[in-house]
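Undergrad: Sharing a structure with you now.
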Amino acid sequence: METIRVAVIDDQNIFRQSLAALIRNEEGFELATESVNGDDFLAKLNAATQLPHLALVDMNMPGLNGIELNAILHQKYPTIRVIILSVHGQERLIAKMIHEGVCSYLLKNCDRDELILAIKTVYKSGFYLNANALEAIQKVSAYKTKVVSGISSIPVELTMRETEILRLICQEYSNVEISQRLFLSARTVEGHRNNLLSKIGCRNTAGLVLFAVKHRIYEMIF
């Protein structure tokens, strides 16, 4: 398995240094860089010979904050997957950041094992949404819209195959694993995944899951 290159961006020195030490000492992980804020991280990316796979990003930082940094990374460095680490647990903020393309949203008081799991899952599947994030998505969706009664009520038209693949994506299956279950080529599954991204208008796999949960195409059990 390829070593997972992880960047840490946080202005709190002890927290950033502790995260960096954890990454350094975890087998299969490599600390790509540590930065005190978004501006510092972007400067290091501009000079880097190899980009990180993932970035652990604090929400509140002086200068370029986590929200602004996430938007720039999606535009300039779309291959870098963002995991937000924040003290803020408001449902609307969690749902907003998932909608804006982050692959995971964790509270800073999460334990070590969940953080490691989130990094590995985001690297493998493109997203990690724990019960807290999924519940936030469902509650915020309920605030904004009436309860969706069925697939026929969703705002885009999905084929039966696309719906089937979307549900498997929500279960964290990779393209290869989905291809094996459905007796399709991995290339065909990738094509369906790209069509879903285009139809739904989301930026990444986490956005697909958000859409599926919001419109009750897939039910998560907490």
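Identifiers for the structure tokens are assigned positionally: chains receive A, B, ... in sequence, residues are indexed from 1 per chain, and ligands are indexed from 1 in the order shown.
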Each residue of region 10-100 of chain A lying at most 9 Å from region 106-116 of chain A should get a row with its shortest atom-to-atom pair and the distance in Å to one decimal, counting only C-alpha atoms; could you produce that, ordered by chain and increasing number, as JSON lines?
TA:
```
{"residue": "A:Leu22", "atom": "CA", "partner": "A:Arg112", "partner_atom": "CA", "distance": 8.6}
{"residue": "A:Ile23", "atom": "CA", "partner": "A:Ile116", "partner_atom": "CA", "distance": 8.8}
{"residue": "A:Glu26", "atom": "CA", "partner": "A:Ile116", "partner_atom": "CA", "distance": 8.6}
{"residue": "A:Asp58", "atom": "CA", "partner": "A:Lys108", "partner_atom": "CA", "distance": 8.9}
{"residue": "A:Ile83", "atom": "CA", "partner": "A:Leu106", "partner_atom": "CA", "distance": 7.4}
{"residue": "A:Ile84", "atom": "CA", "partner": "A:Leu106", "partner_atom": "CA", "distance": 6.0}
{"residue": "A:Leu85", "atom": "CA", "partner": "A:Leu106", "partner_atom": "CA", "distance": 5.0}
{"residue": "A:Ser86", "atom": "CA", "partner": "A:Leu107", "partner_atom": "CA", "distance": 5.0}
{"residue": "A:Val87", "atom": "CA", "partner": "A:Lys108", "partner_atom": "CA", "distance": 5.5}
{"residue": "A:His88", "atom": "CA", "partner": "A:Leu107", "partner_atom": "CA", "distance": 7.0}
{"residue": "A:Gly89", "atom": "CA", "partner": "A:Leu107", "partner_atom": "CA", "distance": 6.7}
{"residue": "A:Ile94", "atom": "CA", "partner": "A:Leu106", "partner_atom": "CA", "distance": 8.9}
```
Undergrad: Run DSSP on the backbone and grab whatever in chain A lands in alpha helix (DSSP H); send it over as a JSON list (two decimals) with N, CA and C atoms, in the first residue's frame.
TA:
```json
[["chain", "number", "residue", "atom", "x", "y", "z"],
["A", 13, "ASN", "N", 0.03, 25.64, 18.54],
["A", 13, "ASN", "CA", 1.30, 24.93, 18.43],
["A", 13, "ASN", "C", 1.28, 23.53, 19.03],
["A", 14, "ILE", "N", 0.80, 23.40, 20.25],
["A", 14, "ILE", "CA", 0.85, 22.10, 20.92],
["A", 14, "ILE", "C", -0.04, 21.08, 20.21],
["A", 15, "PHE", "N", -1.20, 21.54, 19.72],
["A", 15, "PHE", "CA", -2.10, 20.64, 19.01],
["A", 15, "PHE", "C", -1.48, 20.22, 17.68],
["A", 16, "ARG", "N", -0.95, 21.18, 16.93],
["A", 16, "ARG", "CA", -0.32, 20.87, 15.64],
["A", 16, "ARG", "C", 0.87, 19.94, 15.81],
["A", 17, "GLN", "N", 1.71, 20.23, 16.80],
["A", 17, "GLN", "CA", 2.90, 19.41, 17.01],
["A", 17, "GLN", "C", 2.54, 17.99, 17.46],
["A", 18, "SER", "N", 1.48, 17.87, 18.26],
["A", 18, "SER", "CA", 1.03, 16.55, 18.69],
["A", 18, "SER", "C", 0.49, 15.74, 17.52],
["A", 19, "LEU", "N", -0.29, 16.41, 16.66],
["A", 19, "LEU", "CA", -0.80, 15.73, 15.46],
["A", 19, "LEU", "C", 0.36, 15.29, 14.55],
["A", 20, "ALA", "N", 1.32, 16.18, 14.38],
["A", 20, "ALA", "CA", 2.48, 15.87, 13.54],
["A", 20, "ALA", "C", 3.23, 14.65, 14.09],
["A", 21, "ALA", "N", 3.40, 14.60, 15.39],
["A", 21, "ALA", "CA", 4.08, 13.46, 16.00],
["A", 21, "ALA", "C", 3.29, 12.18, 15.81],
["A", 22, "LEU", "N", 1.98, 12.27, 15.93],
["A", 22, "LEU", "CA", 1.13, 11.09, 15.72],
["A", 22, "LEU", "C", 1.29, 10.57, 14.30],
["A", 23, "ILE", "N", 1.27, 11.47, 13.33],
["A", 23, "ILE", "CA", 1.39, 11.07, 11.92],
["A", 23, "ILE", "C", 2.76, 10.43, 11.67],
["A", 24, "ARG", "N", 3.80, 11.04, 12.22],
["A", 24, "ARG", "CA", 5.15, 10.51, 12.02],
["A", 24, "ARG", "C", 5.28, 9.09, 12.56],
["A", 25, "ASN", "N", 4.61, 8.81, 13.66],
["A", 25, "ASN", "CA", 4.79, 7.53, 14.35],
["A", 25, "ASN", "C", 3.81, 6.45, 13.91],
["A", 38, "GLY", "N", -3.43, 28.81, 6.72],
["A", 38, "GLY", "CA", -3.63, 28.50, 5.30],
["A", 38, "GLY", "C", -2.62, 29.14, 4.39],
["A", 39, "ASP", "N", -2.23, 30.37, 4.70],
["A", 39, "ASP", "CA", -1.23, 31.06, 3.86],
["A", 39, "ASP", "C", 0.10, 30.32, 3.88],
["A", 40, "ASP", "N", 0.50, 29.90, 5.06],
["A", 40, "ASP", "CA", 1.75, 29.16, 5.21],
["A", 40, "ASP", "C", 1.70, 27.85, 4.43],
["A", 41, "PHE", "N", 0.56, 27.16, 4.51],
["A", 41, "PHE", "CA", 0.40, 25.88, 3.80],
["A", 41, "PHE", "C", 0.48, 26.07, 2.29],
["A", 42, "LEU", "N", -0.19, 27.09, 1.76],
["A", 42, "LEU", "CA", -0.17, 27.33, 0.31],
["A", 42, "LEU", "C", 1.23, 27.67, -0.17],
["A", 43, "ALA", "N", 1.98, 28.42, 0.63],
["A", 43, "ALA", "CA", 3.35, 28.75, 0.27],
["A", 43, "ALA", "C", 4.20, 27.48, 0.18],
["A", 44, "LYS", "N", 3.99, 26.57, 1.11],
["A", 44, "LYS", "CA", 4.73, 25.31, 1.10],
["A", 44, "LYS", "C", 4.31, 24.43, -0.08],
["A", 45, "LEU", "N", 3.03, 24.45, -0.42],
["A", 45, "LEU", "CA", 2.56, 23.68, -1.57],
["A", 45, "LEU", "C", 3.21, 24.19, -2.86],
["A", 46, "ASN", "N", 3.33, 25.50, -2.98],
["A", 46, "ASN", "CA", 3.92, 26.09, -4.18],
["A", 46, "ASN", "C", 5.37, 25.64, -4.39],
["A", 47, "ALA", "N", 6.04, 25.32, -3.29],
["A", 47, "ALA", "CA", 7.45, 24.92, -3.37],
["A", 47, "ALA", "C", 7.62, 23.41, -3.31],
["A", 66, "GLY", "N", -9.88, 27.93, 7.71],
["A", 66, "GLY", "CA", -10.16, 26.63, 7.12],
["A", 66, "GLY", "C", -11.18, 26.66, 6.00],
["A", 67, "ILE", "N", -12.21, 27.51, 6.14],
["A", 67, "ILE", "CA", -13.23, 27.62, 5.10],
["A", 67, "ILE", "C", -12.62, 28.16, 3.82],
["A", 68, "GLU", "N", -11.83, 29.22, 3.95],
["A", 68, "GLU", "CA", -11.20, 29.84, 2.78],
["A", 68, "GLU", "C", -10.15, 28.92, 2.16],
["A", 69, "LEU", "N", -9.38, 28.25, 3.01],
["A", 69, "LEU", "CA", -8.35, 27.34, 2.51],
["A", 69, "LEU", "C", -8.97, 26.18, 1.74],
["A", 70, "ASN", "N", -10.07, 25.63, 2.26],
["A", 70, "ASN", "CA", -10.74, 24.53, 1.57],
["A", 70, "ASN", "C", -11.16, 24.94, 0.16],
["A", 71, "ALA", "N", -11.72, 26.13, 0.02],
["A", 71, "ALA", "CA", -12.17, 26.62, -1.29],
["A", 71, "ALA", "C", -10.99, 26.74, -2.26],
["A", 72, "ILE", "N", -9.86, 27.25, -1.79],
["A", 72, "ILE", "CA", -8.69, 27.42, -2.65],
["A", 72, "ILE", "C", -8.10, 26.07, -3.05],
["A", 73, "LEU", "N", -8.06, 25.15, -2.11],
["A", 73, "LEU", "CA", -7.52, 23.82, -2.42],
["A", 73, "LEU", "C", -8.36, 23.12, -3.49],
["A", 74, "HIS", "N", -9.68, 23.26, -3.41],
["A", 74, "HIS", "CA", -10.54, 22.65, -4.42],
["A", 74, "HIS", "C", -10.27, 23.24, -5.80],
["A", 75, "GLN", "N", -9.92, 24.49, -5.84],
["A", 75, "GLN", "CA", -9.68, 25.15, -7.12],
["A", 75, "GLN", "C", -8.28, 24.87, -7.66],
["A", 76, "LYS", "N", -7.27, 24.97, -6.81],
["A", 76, "LYS", "CA", -5.88, 24.88, -7.27],
["A", 76, "LYS", "C", -5.25, 23.51, -7.07],
["A", 91, "GLU", "N", -24.50, 21.98, 13.82],
["A", 91, "GLU", "CA", -24.99, 21.15, 12.73],
["A", 91, "GLU", "C", -24.91, 21.86, 11.38],
["A", 92, "ARG", "N", -25.29, 23.13, 11.35],
["A", 92, "ARG", "CA", -25.29, 23.86, 10.08],
["A", 92, "ARG", "C", -23.88, 24.03, 9.53],
["A", 93, "LEU", "N", -22.91, 24.22, 10.41],
["A", 93, "LEU", "CA", -21.53, 24.37, 9.97],
["A", 93, "LEU", "C", -20.98, 23.06, 9.42],
["A", 94, "ILE", "N", -21.27, 21.96, 10.11],
["A", 94, "ILE", "CA", -20.81, 20.65, 9.63],
["A", 94, "ILE", "C", -21.39, 20.37, 8.26],
["A", 95, "ALA", "N", -22.71, 20.55, 8.11],
["A", 95, "ALA", "CA", -23.37, 20.30, 6.83],
["A", 95, "ALA", "C", -22.84, 21.21, 5.74],
["A", 96, "LYS", "N", -22.58, 22.48, 6.07],
["A", 96, "LYS", "CA", -22.05, 23.44, 5.10],
["A", 96, "LYS", "C", -20.69, 22.99, 4.59],
["A", 97, "MET", "N", -19.80, 22.57, 5.48],
["A", 97, "MET", "CA", -18.47, 22.19, 5.07],
["A", 97, "MET", "C", -18.46, 20.90, 4.24],
["A", 98, "ILE", "N", -19.32, 19.96, 4.57],
["A", 98, "ILE", "CA", -19.45, 18.75, 3.74],
["A", 98, "ILE", "C", -19.96, 19.15, 2.35],
["A", 99, "HIS", "N", -20.95, 20.05, 2.32],
["A", 99, "HIS", "CA", -21.48, 20.54, 1.05],
["A", 99, "HIS", "C", -20.40, 21.26, 0.25],
["A", 112, "ARG", "N", -7.85, 9.17, 19.14],
["A", 112, "ARG", "CA", -6.79, 8.85, 18.17],
["A", 112, "ARG", "C", -7.26, 7.82, 17.15],
["A", 113, "ASP", "N", -7.95, 6.78, 17.62],
["A", 113, "ASP", "CA", -8.35, 5.69, 16.72],
["A", 113, "ASP", "C", -9.31, 6.18, 15.65],
["A", 114, "GLU", "N", -10.22, 7.10, 16.01],
["A", 114, "GLU", "CA", -11.15, 7.60, 15.00],
["A", 114, "GLU", "C", -10.41, 8.46, 13.97],
["A", 115, "LEU", "N", -9.46, 9.25, 14.42],
["A", 115, "LEU", "CA", -8.70, 10.07, 13.48],
["A", 115, "LEU", "C", -7.93, 9.20, 12.49],
["A", 116, "ILE", "N", -7.28, 8.16, 12.99],
["A", 116, "ILE", "CA", -6.55, 7.24, 12.11],
["A", 116, "ILE", "C", -7.51, 6.57, 11.13],
["A", 117, "LEU", "N", -8.66, 6.13, 11.64],
["A", 117, "LEU", "CA", -9.67, 5.51, 10.78],
["A", 117, "LEU", "C", -10.15, 6.48, 9.72],
["A", 118, "ALA", "N", -10.38, 7.73, 10.10],
["A", 118, "ALA", "CA", -10.86, 8.74, 9.15],
["A", 118, "ALA", "C", -9.83, 8.96, 8.03],
["A", 119, "ILE", "N", -8.57, 9.07, 8.40],
["A", 119, "ILE", "CA", -7.51, 9.27, 7.40],
["A", 119, "ILE", "C", -7.47, 8.10, 6.42],
["A", 120, "LYS", "N", -7.48, 6.89, 6.94],
["A", 120, "LYS", "CA", -7.39, 5.70, 6.08],
["A", 120, "LYS", "C", -8.64, 5.58, 5.21],
["A", 121, "THR", "N", -9.81, 5.88, 5.77],
["A", 121, "THR", "CA", -11.05, 5.74, 5.01],
["A", 121, "THR", "C", -11.16, 6.81, 3.93],
["A", 122, "VAL", "N", -10.79, 8.03, 4.24],
["A", 122, "VAL", "CA", -10.80, 9.10, 3.23],
["A", 122, "VAL", "C", -9.83, 8.77, 2.11],
["A", 123, "TYR", "N", -8.66, 8.25, 2.44],
["A", 123, "TYR", "CA", -7.69, 7.87, 1.42],
["A", 123, "TYR", "C", -8.24, 6.76, 0.52],
["A", 124, "LYS", "N", -8.92, 5.79, 1.11],
["A", 124, "LYS", "CA", -9.44, 4.64, 0.36],
["A", 124, "LYS", "C", -10.74, 4.96, -0.38],
["A", 125, "SER", "N", -11.69, 5.59, 0.32],
["A", 125, "SER", "CA", -13.05, 5.72, -0.21],
["A", 125, "SER", "C", -13.43, 7.15, -0.60],
["A", 131, "ALA", "N", -21.28, 9.32, 12.84],
["A", 131, "ALA", "CA", -22.70, 9.49, 13.18],
["A", 131, "ALA", "C", -23.03, 10.95, 13.44],
["A", 132, "ASN", "N", -22.10, 11.68, 14.05],
["A", 132, "ASN", "CA", -22.34, 13.10, 14.35],
["A", 132, "ASN", "C", -22.53, 13.92, 13.08],
["A", 133, "ALA", "N", -21.68, 13.69, 12.08],
["A", 133, "ALA", "CA", -21.78, 14.43, 10.82],
["A", 133, "ALA", "C", -23.04, 14.05, 10.05],
["A", 134, "LEU", "N", -23.35, 12.76, 10.01],
["A", 134, "LEU", "CA", -24.53, 12.31, 9.28],
["A", 134, "LEU", "C", -25.82, 12.83, 9.92],
["A", 135, "GLU", "N", -25.84, 12.84, 11.24],
["A", 135, "GLU", "CA", -27.02, 13.37, 11.93],
["A", 135, "GLU", "C", -27.19, 14.86, 11.65],
["A", 136, "ALA", "N", -26.06, 15.57, 11.59],
["A", 136, "ALA", "CA", -26.11, 17.00, 11.27],
["A", 136, "ALA", "C", -26.68, 17.23, 9.89],
["A", 137, "ILE", "N", -26.24, 16.42, 8.92],
["A", 137, "ILE", "CA", -26.72, 16.54, 7.54],
["A", 137, "ILE", "C", -28.24, 16.31, 7.49],
["A", 138, "GLN", "N", -28.69, 15.27, 8.15],
["A", 138, "GLN", "CA", -30.12, 14.96, 8.11],
["A", 138, "GLN", "C", -30.97, 16.03, 8.79],
["A", 139, "LYS", "N", -30.48, 16.55, 9.91],
["A", 139, "LYS", "CA", -31.26, 17.57, 10.63],
["A", 139, "LYS", "C", -31.32, 18.87, 9.84],
["A", 140, "VAL", "N", -30.20, 19.28, 9.26],
["A", 140, "VAL", "CA", -30.18, 20.51, 8.48],
["A", 140, "VAL", "C", -31.05, 20.36, 7.24],
["A", 141, "SER", "N", -31.03, 19.19, 6.63],
["A", 141, "SER", "CA", -31.88, 18.94, 5.46],
["A", 141, "SER", "C", -33.35, 19.04, 5.84],
["A", 142, "ALA", "N", -33.68, 18.55, 7.03],
["A", 142, "ALA", "CA", -35.07, 18.61, 7.49],
["A", 142, "ALA", "C", -35.50, 20.05, 7.74],
["A", 143, "TYR", "N", -34.57, 20.91, 8.17],
["A", 143, "TYR", "CA", -34.90, 22.32, 8.38],
["A", 143, "TYR", "C", -35.29, 22.99, 7.06],
["A", 144, "LYS", "N", -34.57, 22.63, 6.01],
["A", 144, "LYS", "CA", -34.68, 23.37, 4.74],
["A", 144, "LYS", "C", -35.79, 22.85, 3.83],
["A", 160, "MET", "N", -31.44, 3.15, -12.52],
["A", 160, "MET", "CA", -31.41, 2.12, -11.49],
["A", 160, "MET", "C", -29.96, 1.73, -11.17],
["A", 161, "ARG", "N", -29.12, 1.67, -12.21],
["A", 161, "ARG", "CA", -27.72, 1.31, -11.99],
["A", 161, "ARG", "C", -27.00, 2.40, -11.21],
["A", 162, "GLU", "N", -27.27, 3.66, -11.52],
["A", 162, "GLU", "CA", -26.64, 4.76, -10.78],
["A", 162, "GLU", "C", -27.07, 4.75, -9.32],
["A", 163, "THR", "N", -28.35, 4.47, -9.08],
["A", 163, "THR", "CA", -28.84, 4.40, -7.70],
["A", 163, "THR", "C", -28.17, 3.27, -6.95],
["A", 164, "GLU", "N", -28.03, 2.12, -7.62],
["A", 164, "GLU", "CA", -27.38, 0.96, -7.02],
["A", 164, "GLU", "C", -25.93, 1.27, -6.66],
["A", 165, "ILE", "N", -25.23, 1.91, -7.57],
["A", 165, "ILE", "CA", -23.83, 2.25, -7.33],
["A", 165, "ILE", "C", -23.71, 3.31, -6.24],
["A", 166, "LEU", "N", -24.62, 4.29, -6.23],
["A", 166, "LEU", "CA", -24.60, 5.32, -5.21],
["A", 166, "LEU", "C", -24.76, 4.70, -3.82],
["A", 167, "ARG", "N", -25.63, 3.74, -3.68],
["A", 167, "ARG", "CA", -25.82, 3.09, -2.37],
["A", 167, "ARG", "C", -24.56, 2.33, -1.94],
["A", 168, "LEU", "N", -23.88, 1.71, -2.89],
["A", 168, "LEU", "CA", -22.64, 1.00, -2.56],
["A", 168, "LEU", "C", -21.53, 1.99, -2.20],
["A", 169, "ILE", "N", -21.50, 3.13, -2.87],
["A", 169, "ILE", "CA", -20.53, 4.18, -2.52],
["A", 169, "ILE", "C", -20.75, 4.61, -1.07],
["A", 170, "CYS", "N", -22.01, 4.74, -0.67],
["A", 170, "CYS", "CA", -22.33, 5.14, 0.70],
["A", 170, "CYS", "C", -21.86, 4.11, 1.72],
["A", 175, "ASN", "N", -14.20, 1.52, -6.18],
["A", 175, "ASN", "CA", -14.63, 1.18, -7.55],
["A", 175, "ASN", "C", -14.39, -0.29, -7.87],
["A", 176, "VAL", "N", -13.24, -0.80, -7.46],
["A", 176, "VAL", "CA", -12.91, -2.21, -7.72],
["A", 176, "VAL", "C", -13.87, -3.13, -6.99],
["A", 177, "GLU", "N", -14.16, -2.82, -5.73],
["A", 177, "GLU", "CA", -15.09, -3.65, -4.95],
["A", 177, "GLU", "C", -16.50, -3.61, -5.53],
["A", 178, "ILE", "N", -16.93, -2.42, -5.98],
["A", 178, "ILE", "CA", -18.25, -2.31, -6.61],
["A", 178, "ILE", "C", -18.29, -3.11, -7.90],
["A", 179, "SER", "N", -17.21, -3.02, -8.68],
["A", 179, "SER", "CA", -17.17, -3.75, -9.95],
["A", 179, "SER", "C", -17.28, -5.26, -9.72],
["A", 180, "GLN", "N", -16.68, -5.75, -8.66],
["A", 180, "GLN", "CA", -16.74, -7.18, -8.36],
["A", 180, "GLN", "C", -18.12, -7.60, -7.91],
["A", 181, "ARG", "N", -18.79, -6.76, -7.15],
["A", 181, "ARG", "CA", -20.13, -7.09, -6.67],
["A", 181, "ARG", "C", -21.17, -7.04, -7.79],
["A", 182, "LEU", "N", -20.98, -6.13, -8.75],
["A", 182, "LEU", "CA", -21.98, -5.95, -9.81],
["A", 182, "LEU", "C", -21.56, -6.57, -11.14],
["A", 186, "ALA", "N", -14.07, -2.03, -13.56],
["A", 186, "ALA", "CA", -13.80, -0.89, -12.69],
["A", 186, "ALA", "C", -13.92, 0.41, -13.48],
["A", 187, "ARG", "N", -13.58, 0.36, -14.76],
["A", 187, "ARG", "CA", -13.69, 1.55, -15.61],
["A", 187, "ARG", "C", -15.15, 1.98, -15.78],
["A", 188, "THR", "N", -16.03, 0.99, -15.92],
["A", 188, "THR", "CA", -17.47, 1.28, -16.04],
["A", 188, "THR", "C", -18.00, 1.91, -14.76],
["A", 189, "VAL", "N", -17.58, 1.38, -13.63],
["A", 189, "VAL", "CA", -18.01, 1.93, -12.34],
["A", 189, "VAL", "C", -17.50, 3.36, -12.20],
["A", 190, "GLU", "N", -16.26, 3.61, -12.61],
["A", 190, "GLU", "CA", -15.70, 4.96, -12.54],
["A", 190, "GLU", "C", -16.52, 5.92, -13.41],
["A", 191, "GLY", "N", -16.97, 5.42, -14.57],
["A", 191, "GLY", "CA", -17.82, 6.23, -15.44],
["A", 191, "GLY", "C", -19.13, 6.59, -14.78],
["A", 192, "HIS", "N", -19.75, 5.61, -14.11],
["A", 192, "HIS", "CA", -21.00, 5.88, -13.40],
["A", 192, "HIS", "C", -20.78, 6.88, -12.26],
["A", 193, "ARG", "N", -19.66, 6.73, -11.55],
["A", 193, "ARG", "CA", -19.35, 7.64, -10.45],
["A", 193, "ARG", "C", -19.20, 9.08, -10.98],
["A", 194, "ASN", "N", -18.50, 9.22, -12.09],
["A", 194, "ASN", "CA", -18.32, 10.55, -12.68],
["A", 194, "ASN", "C", -19.65, 11.13, -13.16],
["A", 195, "ASN", "N", -20.51, 10.26, -13.73],
["A", 195, "ASN", "CA", -21.83, 10.73, -14.15],
["A", 195, "ASN", "C", -22.65, 11.21, -12.95],
["A", 196, "LEU", "N", -22.53, 10.50, -11.83],
["A", 196, "LEU", "CA", -23.25, 10.90, -10.62],
["A", 196, "LEU", "C", -22.76, 12.27, -10.13],
["A", 197, "LEU", "N", -21.45, 12.45, -10.12],
["A", 197, "LEU", "CA", -20.88, 13.74, -9.70],
["A", 197, "LEU", "C", -21.40, 14.87, -10.58],
["A", 198, "SER", "N", -21.46, 14.60, -11.90],
["A", 198, "SER", "CA", -21.91, 15.61, -12.84],
["A", 198, "SER", "C", -23.41, 15.90, -12.68],
["A", 199, "LYS", "N", -24.22, 14.85, -12.59],
["A", 199, "LYS", "CA", -25.67, 15.02, -12.46],
["A", 199, "LYS", "C", -26.05, 15.75, -11.17],
["A", 200, "ILE", "N", -25.42, 15.31, -10.08],
["A", 200, "ILE", "CA", -25.79, 15.84, -8.76],
["A", 200, "ILE", "C", -25.15, 17.20, -8.53],
["A", 205, "THR", "N", -16.76, 12.49, -3.42],
["A", 205, "THR", "CA", -17.56, 11.37, -2.94],
["A", 205, "THR", "C", -18.39, 11.74, -1.72],
["A", 206, "ALA", "N", -17.82, 12.56, -0.84],
["A", 206, "ALA", "CA", -18.58, 12.98, 0.34],
["A", 206, "ALA", "C", -19.86, 13.71, -0.07],
["A", 207, "GLY", "N", -19.79, 14.47, -1.16],
["A", 207, "GLY", "CA", -20.97, 15.15, -1.66],
["A", 207, "GLY", "C", -22.03, 14.19, -2.15],
["A", 208, "LEU", "N", -21.59, 13.09, -2.77],
["A", 208, "LEU", "CA", -22.54, 12.06, -3.20],
["A", 208, "LEU", "C", -23.26, 11.45, -2.01],
["A", 209, "VAL", "N", -22.51, 11.18, -0.94],
["A", 209, "VAL", "CA", -23.10, 10.60, 0.26],
["A", 209, "VAL", "C", -24.07, 11.58, 0.89],
["A", 210, "LEU", "N", -23.68, 12.84, 0.95],
["A", 210, "LEU", "CA", -24.56, 13.87, 1.49],
["A", 210, "LEU", "C", -25.88, 13.89, 0.74],
["A", 211, "PHE", "N", -25.80, 13.85, -0.59],
["A", 211, "PHE", "CA", -27.00, 13.86, -1.43],
["A", 211, "PHE", "C", -27.87, 12.62, -1.15],
["A", 212, "ALA", "N", -27.23, 11.46, -1.06],
["A", 212, "ALA", "CA", -27.97, 10.21, -0.85],
["A", 212, "ALA", "C", -28.67, 10.20, 0.50],
["A", 213, "VAL", "N", -27.98, 10.70, 1.53],
["A", 213, "VAL", "CA", -28.58, 10.74, 2.86],
["A", 213, "VAL", "C", -29.69, 11.78, 2.91],
["A", 214, "LYS", "N", -29.44, 12.95, 2.35],
["A", 214, "LYS", "CA", -30.42, 14.04, 2.36],
["A", 214, "LYS", "C", -31.72, 13.61, 1.70]]
```
Undergrad: When DSSP is applied to the backbone of this structure, which of region 98-171 of chain A are assigned strand (DSSP E)? Write them out as a list in words.
TA: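 Restricting region 98-171 of chain A to strand (DSSP E) produces Ser104, Tyr105, Leu106 and Leu107 of chain A.
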Undergrad: Residues at most 7 Å from region 29-36 of chain A, counting only C-alpha atoms, excluding those fewer than 5 positions away in the same chain, as an MDAnalysis selection string?
TA: chainID A and resid 3:11 20 23:24 41 52
Undergrad: Print the selection's residues with C-alpha atoms to a file, as a JSON list (two decimals), in the first residue's frame.
TA:
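Final output, saved to part23.json:
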```
[["chain", "number", "residue", "atom", "x", "y", "z"],
["A", 3, "THR", "CA", 2.31, 5.61, 2.13],
["A", 4, "ILE", "CA", -0.36, 8.20, 2.95],
["A", 5, "ARG", "CA", 1.12, 11.69, 2.93],
["A", 6, "VAL", "CA", -0.66, 13.91, 5.46],
["A", 7, "ALA", "CA", -0.35, 17.66, 6.00],
["A", 8, "VAL", "CA", -1.29, 19.32, 9.30],
["A", 9, "ILE", "CA", -2.54, 22.93, 9.32],
["A", 10, "ASP", "CA", -3.32, 24.43, 12.73],
["A", 11, "ASP", "CA", -2.25, 27.63, 14.50],
["A", 20, "ALA", "CA", 2.48, 15.87, 13.54],
["A", 23, "ILE", "CA", 1.39, 11.07, 11.92],
["A", 24, "ARG", "CA", 5.15, 10.51, 12.02],
["A", 41, "PHE", "CA", 0.40, 25.88, 3.80],
["A", 52, "PRO", "CA", 0.09, 15.51, 0.26]]
```
Undergrad: Would you mind reading off the distance between CA of Leu129 (chain A) and CA of Asn37 (chain A), one decimal, in Å?
TA: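 If I compute the distance from CA of Leu129 (chain A) to CA of Asn37 (chain A), I get 24.4 Å.
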Undergrad: Report the distance between CA of Cys202 (chain A) and CA of Thr49 (chain A) in Å, rounded to one decimal place.
TA: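 Spanning CA of Cys202 (chain A) to CA of Thr49 (chain A) is a straight-line distance of 29.0 Å.
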